[in-house]
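For reference, protein_24.pdb is printed below; it contains PDB, C-alpha atoms.
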```pdb
ATOM      1  CA  MET A   1     -42.536  -5.899 -22.071
ATOM      2  CA  ALA A   2     -40.985  -9.397 -22.190
ATOM      3  CA  THR A   3     -38.324  -8.149 -24.618
ATOM      4  CA  PHE A   4     -37.362  -5.324 -22.279
ATOM      5  CA  THR A   5     -36.939  -7.779 -19.341
ATOM      6  CA  LYS A   6     -34.828 -10.154 -21.469
ATOM      7  CA  ARG A   7     -32.518  -7.292 -22.478
ATOM      8  CA  ARG A   8     -32.170  -6.218 -18.870
ATOM      9  CA  LEU A   9     -31.274  -9.741 -17.746
ATOM     10  CA  ALA A  10     -28.835 -10.140 -20.641
ATOM     11  CA  GLY A  11     -27.160  -6.841 -19.718
ATOM     12  CA  ALA A  12     -26.916  -7.823 -16.045
ATOM     13  CA  GLY A  13     -25.443 -11.205 -17.029
ATOM     14  CA  THR A  14     -22.866  -9.526 -19.247
ATOM     15  CA  ILE A  15     -21.788  -7.160 -16.464
ATOM     16  CA  ALA A  16     -21.518 -10.025 -13.966
ATOM     17  CA  GLY A  17     -19.549 -12.107 -16.491
ATOM     18  CA  LEU A  18     -17.121  -9.255 -17.215
ATOM     19  CA  SER A  19     -16.640  -8.620 -13.489
ATOM     20  CA  ALA A  20     -15.759 -12.277 -12.910
ATOM     21  CA  LEU A  21     -13.400 -12.224 -15.884
ATOM     22  CA  ALA A  22     -11.654  -9.128 -14.515
ATOM     23  CA  LEU A  23     -10.943 -10.949 -11.251
ATOM     24  CA  VAL A  24      -9.470 -13.930 -13.111
ATOM     25  CA  VAL A  25      -7.334 -11.761 -15.397
ATOM     26  CA  SER A  26      -6.176  -9.463 -12.577
ATOM     27  CA  PRO A  27      -5.755 -11.580  -9.426
ATOM     28  CA  ALA A  28      -3.795  -8.757  -7.757
ATOM     29  CA  ILE A  29      -7.083  -7.127  -6.852
ATOM     30  CA  GLY A  30      -7.524  -7.881  -3.173
ATOM     31  CA  SER A  31      -4.222  -9.773  -2.933
ATOM     32  CA  ALA A  32      -2.102  -9.852   0.194
ATOM     33  CA  ALA A  33       0.515  -7.229   0.921
ATOM     34  CA  ILE A  34       3.015  -7.202   3.760
ATOM     35  CA  THR A  35       4.671  -3.893   4.549
ATOM     36  CA  GLY A  36       7.238  -2.843   7.088
ATOM     37  CA  GLY A  37      10.948  -2.419   7.504
ATOM     38  CA  ALA A  38      13.798  -4.562   8.692
ATOM     39  CA  THR A  39      17.404  -4.146   9.681
ATOM     40  CA  VAL A  40      19.978  -6.885   9.402
ATOM     41  CA  GLN A  41      23.302  -6.902  11.202
ATOM     42  CA  ALA A  42      26.129  -9.291  11.877
ATOM     43  CA  ASN A  43      26.896  -9.651  15.575
ATOM     44  CA  ALA A  44      30.622  -8.894  15.821
ATOM     45  CA  GLY A  45      32.639 -11.635  17.465
ATOM     46  CA  LYS A  46      29.686 -14.033  17.671
ATOM     47  CA  GLY A  47      29.351 -15.218  14.082
ATOM     48  CA  THR A  48      25.586 -14.732  14.140
ATOM     49  CA  ILE A  49      23.208 -12.514  12.190
ATOM     50  CA  THR A  50      20.224 -10.693  13.691
ATOM     51  CA  THR A  51      17.192  -9.473  11.765
ATOM     52  CA  SER A  52      14.875  -6.919  13.389
ATOM     53  CA  ILE A  53      11.495  -6.143  11.838
ATOM     54  CA  SER A  54       9.477  -3.046  12.706
ATOM     55  CA  GLY A  55       6.243  -1.524  11.464
ATOM     56  CA  LEU A  56       5.051  -4.883  10.121
ATOM     57  CA  ASN A  57       1.547  -4.690   8.648
ATOM     58  CA  THR A  58      -0.389  -7.501   6.995
ATOM     59  CA  THR A  59      -3.636  -7.514   5.034
ATOM     60  CA  LYS A  60      -4.441 -11.125   5.930
ATOM     61  CA  ALA A  61      -3.794 -13.345   8.931
ATOM     62  CA  PHE A  62      -0.057 -13.500   9.736
ATOM     63  CA  VAL A  63       1.760 -16.845   9.391
ATOM     64  CA  LYS A  64       5.496 -16.194   9.959
ATOM     65  CA  CYS A  65       8.618 -14.178   9.134
ATOM     66  CA  GLU A  66      12.123 -15.534   8.816
ATOM     67  CA  GLY A  67      15.631 -14.605   7.850
ATOM     68  CA  THR A  68      17.448 -16.705   5.273
ATOM     69  CA  VAL A  69      21.195 -16.529   4.699
ATOM     70  CA  TYR A  70      22.793 -16.957   1.273
ATOM     71  CA  ARG A  71      26.364 -17.007  -0.037
ATOM     72  CA  GLY A  72      27.847 -13.540  -0.423
ATOM     73  CA  ASP A  73      28.659 -14.091  -4.099
ATOM     74  CA  ALA A  74      25.218 -15.464  -5.010
ATOM     75  CA  VAL A  75      23.516 -13.879  -8.001
ATOM     76  CA  VAL A  76      20.268 -15.778  -7.418
ATOM     77  CA  LEU A  77      18.965 -16.268  -3.879
ATOM     78  CA  ASP A  78      17.426 -19.732  -3.848
ATOM     79  CA  LYS A  79      17.940 -23.155  -2.278
ATOM     80  CA  THR A  80      21.143 -23.699  -4.298
ATOM     81  CA  THR A  81      22.841 -20.668  -2.696
ATOM     82  CA  LYS A  82      21.267 -20.932   0.764
ATOM     83  CA  VAL A  83      23.634 -21.366   3.707
ATOM     84  CA  GLY A  84      22.424 -23.111   6.861
ATOM     85  CA  GLU A  85      18.869 -23.072   8.158
ATOM     86  CA  SER A  86      16.480 -20.131   8.056
ATOM     87  CA  PHE A  87      15.716 -18.543  11.433
ATOM     88  CA  LEU A  88      12.374 -17.271  12.717
ATOM     89  CA  VAL A  89      11.786 -13.591  13.441
ATOM     90  CA  GLN A  90       9.406 -13.377  16.394
ATOM     91  CA  GLY A  91       8.027 -10.821  18.794
ATOM     92  CA  PRO A  92       5.135 -10.379  21.223
ATOM     93  CA  THR A  93       3.153  -8.363  18.656
ATOM     94  CA  MET A  94       3.759 -10.814  15.785
ATOM     95  CA  VAL A  95       0.746 -12.992  16.591
ATOM     96  CA  VAL A  96       0.064 -15.916  14.260
ATOM     97  CA  GLY A  97      -3.462 -15.914  12.848
ATOM     98  CA  GLN A  98      -4.059 -12.176  13.299
ATOM     99  CA  VAL A  99      -3.909  -9.234  10.908
ATOM    100  CA  LEU A 100      -0.891  -7.226  12.123
ATOM    101  CA  THR A 101      -0.572  -3.478  12.536
ATOM    102  CA  ASN A 102       2.813  -1.998  13.440
ATOM    103  CA  ALA A 103       4.166  -5.312  14.764
ATOM    104  CA  SER A 104       7.844  -5.928  15.509
ATOM    105  CA  GLY A 105      10.218  -8.732  16.370
ATOM    106  CA  THR A 106      13.755 -10.078  16.116
ATOM    107  CA  GLY A 107      15.475 -13.297  15.194
ATOM    108  CA  THR A 108      19.077 -14.482  15.400
ATOM    109  CA  SER A 109      20.751 -17.094  13.229
ATOM    110  CA  ALA A 110      22.988 -19.939  14.229
ATOM    111  CA  ALA A 111      26.721 -19.165  14.016
ATOM    112  CA  PHE A 112      28.298 -19.046  10.554
ATOM    113  CA  PRO A 113      31.932 -19.217   9.469
ATOM    114  CA  ASP A 114      33.608 -15.840   8.976
ATOM    115  CA  GLY A 115      32.752 -14.324   5.615
ATOM    116  CA  GLU A 116      30.340 -12.223   3.608
ATOM    117  CA  TYR A 117      26.709 -13.255   3.280
ATOM    118  CA  GLN A 118      23.414 -11.967   1.917
ATOM    119  CA  VAL A 119      20.359 -12.069   4.154
ATOM    120  CA  ARG A 120      16.790 -12.051   2.888
ATOM    121  CA  THR A 121      13.961 -11.250   5.293
ATOM    122  CA  LYS A 122      10.674 -12.758   4.177
ATOM    123  CA  CYS A 123       7.169 -13.205   5.557
ATOM    124  CA  LYS A 124       3.981 -15.128   4.822
ATOM    125  CA  GLU A 125       0.306 -14.392   5.255
ATOM    126  CA  GLU A 126      -2.493 -16.926   5.300
ATOM    127  CA  GLY A 127      -3.000 -18.298   1.801
ATOM    128  CA  ASP A 128       0.450 -17.276   0.493
ATOM    129  CA  VAL A 129       2.152 -19.870  -1.682
ATOM    130  CA  ASP A 130       5.426 -17.936  -1.782
ATOM    131  CA  TYR A 131       7.044 -15.624   0.736
ATOM    132  CA  GLN A 132       6.782 -11.856   0.452
ATOM    133  CA  ASP A 133       9.919  -9.736   0.955
ATOM    134  CA  PRO A 134       9.321  -6.573   2.970
ATOM    135  CA  ILE A 135      12.909  -5.414   2.285
ATOM    136  CA  ALA A 136      15.647  -6.027  -0.239
ATOM    137  CA  PRO A 137      18.426  -8.522   0.642
ATOM    138  CA  VAL A 138      21.184  -7.080   2.845
ATOM    139  CA  ARG A 139      24.917  -7.884   2.727
ATOM    140  CA  VAL A 140      26.664  -8.540   6.037
ATOM    141  CA  THR A 141      30.146  -9.620   7.068
ATOM    142  CA  VAL A 142      30.319 -12.227   9.814
ATOM    143  CA  THR A 143      33.287 -12.329  12.195
ATOM    144  CA  GLY A 144      34.002 -14.613  15.114
ATOM    145  CA  GLY A 145      31.932 -17.408  13.612
ATOM    146  CA  THR A 146      32.333 -21.132  13.604
ATOM    147  CA  ALA A 147      35.472 -22.663  12.129
ATOM    148  CA  ALA A 148      35.121 -23.461   8.438
ATOM    149  CA  GLY A 149      36.426 -26.958   9.071
ATOM    150  CA  GLY A 150      36.948 -29.146  12.047
ATOM    151  CA  SER A 151      39.307 -31.776  13.252
ATOM    152  CA  ALA A 152      39.078 -34.919  15.238
ATOM    153  CA  ASP A 153      41.802 -37.280  16.391
ATOM    154  CA  PHE A 154      41.039 -40.686  14.892
ATOM    155  CA  SER A 155      44.452 -42.186  15.622
ATOM    156  CA  LEU A 156      44.711 -45.100  18.015
ATOM    157  CA  ASP A 157      46.152 -42.747  20.647
ATOM    158  CA  GLY A 158      43.240 -40.381  20.183
ATOM    159  CA  LEU A 159      40.691 -43.148  20.501
ATOM    160  CA  LEU A 160      42.291 -44.638  23.606
ATOM    161  CA  GLY A 161      42.822 -41.207  25.161
ATOM    162  CA  GLY A 162      46.460 -41.990  25.883
ATOM    163  CA  PHE A 163      45.499 -45.172  27.755
ATOM    164  CA  GLY A 164      48.526 -47.253  28.613
ATOM    165  CA  SER A 165      51.017 -44.439  27.959
TER     166      SER A 165
END
```
Just dump the structure as structure tokens.
Amino acid sequence: MATFTKRRLAGAGTIAGLSALALVVSPAIGSAAITGGATVQANAGKGTITTSISGLNTTKAFVKCEGTVYRGDAVVLDKTTKVGESFLVQGPTMVVGQVLTNASGTGTSAAFPDGEYQVRTKCKEEGDVDYQDPIAPVRVTVTGGTAAGGSADFSLDGLLGGFGS
């Protein structure tokens, strides 16, 4: 009888050990997944870019979504090809700390110089180390943006504002 019990315990231990090993080898089981769609458009004459997310679903508590703008000719979208600051995509149904179902929101960038850009929409759930991308990057052409350069009058006349003339 003691031998039968030892075999049973050994078998149960083996099954538990293999189950734990399966979770270590395949961490995708139970991992987070953000789904939904997004549209990205350049706002003609304003130089800005708007990202609209719809049907956003999360499997864990929502943290944030943002749009990030990259150079139009970039092959790799990372910090070396990023242009300007990322902008938040927010909406009344995109509640931080909650699991989202069919949420939506919008976000608009700061103004960019005229040109072609790539925009990546990305989101995070609680516990994410990296962002998840609900859609592929989108190319947009910005018009009516900020001037690529700027000028300032640093001459003596410019500094004095014509004083004494």
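You can rank A:Ala74, A:Ala103, A:Ile49, A:Val129 by their closest distance to Ser86 of chain A using only C-alpha atoms, and at the top of that list sits A:Ile49.
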Open item on the list: What does the structure give for the distance between atom CA of Asn57 of chain A and atom CA of Val95 of chain A, in Å to one decimal?
Closed with: 11.5 Å
Open item on the list: I'd like the contact shell of Asp78 of chain A - 12 Å cut-off, only C-alpha atoms, skipping same-chain residues fewer than 6 positions apart - returned as an NGL selection string.
Closed with: :A and (68-71 or 86 or 118-120)
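The shortest atom-to-atom distance to Lys46 of chain A, with only C-alpha atoms taken into account, belongs to A:Phe112 out of A:Asp128, A:Arg139, A:Thr121, A:Phe112.
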Open item on the list: Once the PyMOL selection byres ((chain A and resi 63) around 6) has been evaluated on this model, what residues remain selected, and can you format them as number ranges by chain?
Closed with: A: 62, 64, 96, 124-126
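Across the structure, atom CA of Gly115 of chain A and atom CA of Ala44 of chain A are spaced 11.8 Å apart.
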TODO: Point out the residue among A:Val138, A:Cys123, A:Leu88, A:Val76 with the least atom-to-atom distance to Thr108 of chain A, counting all atoms listed in the file.
DONE: A:Leu88
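Put simply, atom CA of Ser52 of chain A is 25.2 Å away from atom CA of Thr80 of chain A.
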- [ ] Between A:Asn102, A:Ser109, A:Thr81, A:Gln90, single out the one closest to Gly145 of chain A, counting only C-alpha atoms.
- [x] A:Ser109
